[in-house]
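Only one structure is covered here, and it is reproduced in the block below.
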Amino acid sequence: MESIKISDYMSKRPVIFTANMPIAQAVELFLQAGQIGGPVVDENKHVIGFISEQDCLIKMLEATYLNENHYTVGDVMHVEPLTARPEGSVFDLAQLMTSAKPKIFPVIDDNDQLIGIITRSDVLRAIDDQLRAMYKQGHERLV
């Protein structure tokens, strides 16, 4: 099977977060973008963490019970998230996604700076495109 690069299917304009961003602001970004998680970056666009809707939901519930909302993204983000490289194989990432929890991987360049994200849906689309192309190619040979 031909290798498909992550860069061919990644989103180059993901919603990103900063550690000092209030959780409420992160929730607004999630709701506007329809993204379920995203990288947390520093001022140099280095990925320093990852936050998900689920992380926000937990803290928003706590804030409701305690009647206070002072949490920041840095309070709940996962540190040292798994990342991918643009030249990496979609198939290798798919294998990793079957055993690892992340549904979204930040994609970083050689300077470890964020250049995009790739989601499980992106990976499924890439594999589906590959299978369709193989089927079409095989079907054309038979006709």
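By order in the structure tokens, chains are A, B, ...; within a chain, residues start at 1; ligands start at 1, following the order shown.
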
Expected answer as a CSV table (one decimal) with C-alpha atoms, in the first residue's frame: alpha helix (DSSP H) residues in range 38-78 of chain A:
```csv
chain,number,residue,atom,x,y,z
A,53,GLU,CA,-13.8,19.3,25.5
A,54,GLN,CA,-14.0,16.6,28.1
A,55,ASP,CA,-11.3,18.3,30.2
A,56,CYS,CA,-13.3,21.5,30.0
A,57,LEU,CA,-16.6,19.8,30.9
A,58,ILE,CA,-15.1,18.4,34.1
A,59,LYS,CA,-13.9,21.8,35.2
A,60,MET,CA,-17.0,23.6,34.1
A,61,LEU,CA,-19.1,21.2,36.2
A,62,GLU,CA,-16.8,21.8,39.2
A,63,ALA,CA,-17.1,25.6,38.7
A,64,THR,CA,-20.9,25.2,38.7
A,65,TYR,CA,-21.0,23.3,42.0
A,66,LEU,CA,-18.5,25.7,43.6
A,73,VAL,CA,-6.3,25.8,30.3
A,74,GLY,CA,-3.0,25.3,32.1
A,75,ASP,CA,-4.8,23.9,35.1
A,76,VAL,CA,-6.3,21.0,33.1
```

Check the DSSP output for the backbone and give back, as a ChimeraX atom specification, the residues of chain A in strand (DSSP E).
-> /A:37-41,47-52,78-79,104-108,114-119

Using only C-alpha atoms, what table do you get, as JSON lines, when you list each residue of range 94-131 of chain A with an atom no more than 9 Å from range 20-42 of chain A, its nearest pair of atoms, and their distance in Å rounded to one decimal, rows by chain then rising number?
```
{"residue": "A:Lys103", "atom": "CA", "partner": "A:Gly37", "partner_atom": "CA", "distance": 8.3}
{"residue": "A:Ile104", "atom": "CA", "partner": "A:Gly37", "partner_atom": "CA", "distance": 6.9}
{"residue": "A:Phe105", "atom": "CA", "partner": "A:Pro39", "partner_atom": "CA", "distance": 8.2}
{"residue": "A:Pro106", "atom": "CA", "partner": "A:Pro39", "partner_atom": "CA", "distance": 6.1}
{"residue": "A:Gln113", "atom": "CA", "partner": "A:Val41", "partner_atom": "CA", "distance": 8.6}
{"residue": "A:Leu114", "atom": "CA", "partner": "A:Val41", "partner_atom": "CA", "distance": 7.7}
{"residue": "A:Ile117", "atom": "CA", "partner": "A:Gly38", "partner_atom": "CA", "distance": 7.9}
```

With N, CA and C atoms retained, could you export that selection as a tab-separated table (two decimals), in the first residue's frame?
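Dumped everything to out.tsv:
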```
chain	number	residue	atom	x	y	z
A	103	LYS	N	-7.54	11.39	19.90
A	103	LYS	CA	-8.33	11.42	18.67
A	103	LYS	C	-7.79	12.50	17.75
A	104	ILE	N	-6.96	13.36	18.31
A	104	ILE	CA	-6.35	14.47	17.58
A	104	ILE	C	-4.88	14.52	17.93
A	105	PHE	N	-4.05	14.65	16.92
A	105	PHE	CA	-2.62	14.78	17.13
A	105	PHE	C	-2.14	16.13	16.61
A	106	PRO	N	-1.47	16.94	17.44
A	106	PRO	CA	-0.82	18.13	16.92
A	106	PRO	C	0.28	17.70	15.95
A	113	GLN	N	7.53	23.29	16.26
A	113	GLN	CA	6.48	24.29	16.27
A	113	GLN	C	5.23	23.71	15.61
A	114	LEU	N	4.08	24.11	16.14
A	114	LEU	CA	2.80	23.63	15.63
A	114	LEU	C	2.57	24.13	14.20
A	117	ILE	N	-3.06	20.11	12.82
A	117	ILE	CA	-3.52	18.95	13.58
A	117	ILE	C	-4.04	17.92	12.59
```

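The residue set within 12 Å of Asp128 in chain A, counting only C-alpha atoms and dropping same-chain residues fewer than 5 places from it, reads A:Ile4, A:Tyr9, A:Val90, A:Phe91, A:Ser121, A:Asp122, A:Val123, A:Ala133, A:Met134, A:Tyr135.
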
Residues near range 109-112 of chain A, cut-off 10 Å, only C-alpha atoms, skip fewer than 4 positions along chain, as a VMD selection string = chain A and resid 44 to 47 83 to 87 116

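Nearest to Thr98 in chain A of all the residues A:Ile115, A:Ala19, A:Val79, A:Leu124 is A:Leu124, counting only C-alpha atoms.
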
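Each of A:Val107, A:Ser52, A:Lys136, A:His70 was checked against Gly88 in chain A using only C-alpha atoms; the smallest atom-to-atom distance is that of A:Val107.
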
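Put simply, CA of Ile16 in chain A is 25.0 Å away from CA of Ser99 in chain A.
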
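When only C-alpha atoms are used to compute distances to Ile6 in chain A, the closest of the residues A:Ala94, A:Leu82, A:Leu131, A:Ala100 turns out to be A:Ala94.
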
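Straight-line separation from CA of Asp8 in chain A to CA of Asp92 in chain A: 14.3 Å.
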
In Å, how far is it from CA of Lys5 in chain A to CA of Thr18 in chain A?
-> 27.9 Å

Return the single residue from A:His78, A:Lys101, A:Arg13, A:Arg125 that is closest to Ile48 in chain A, with distances computed using only C-alpha atoms.
-> A:His78
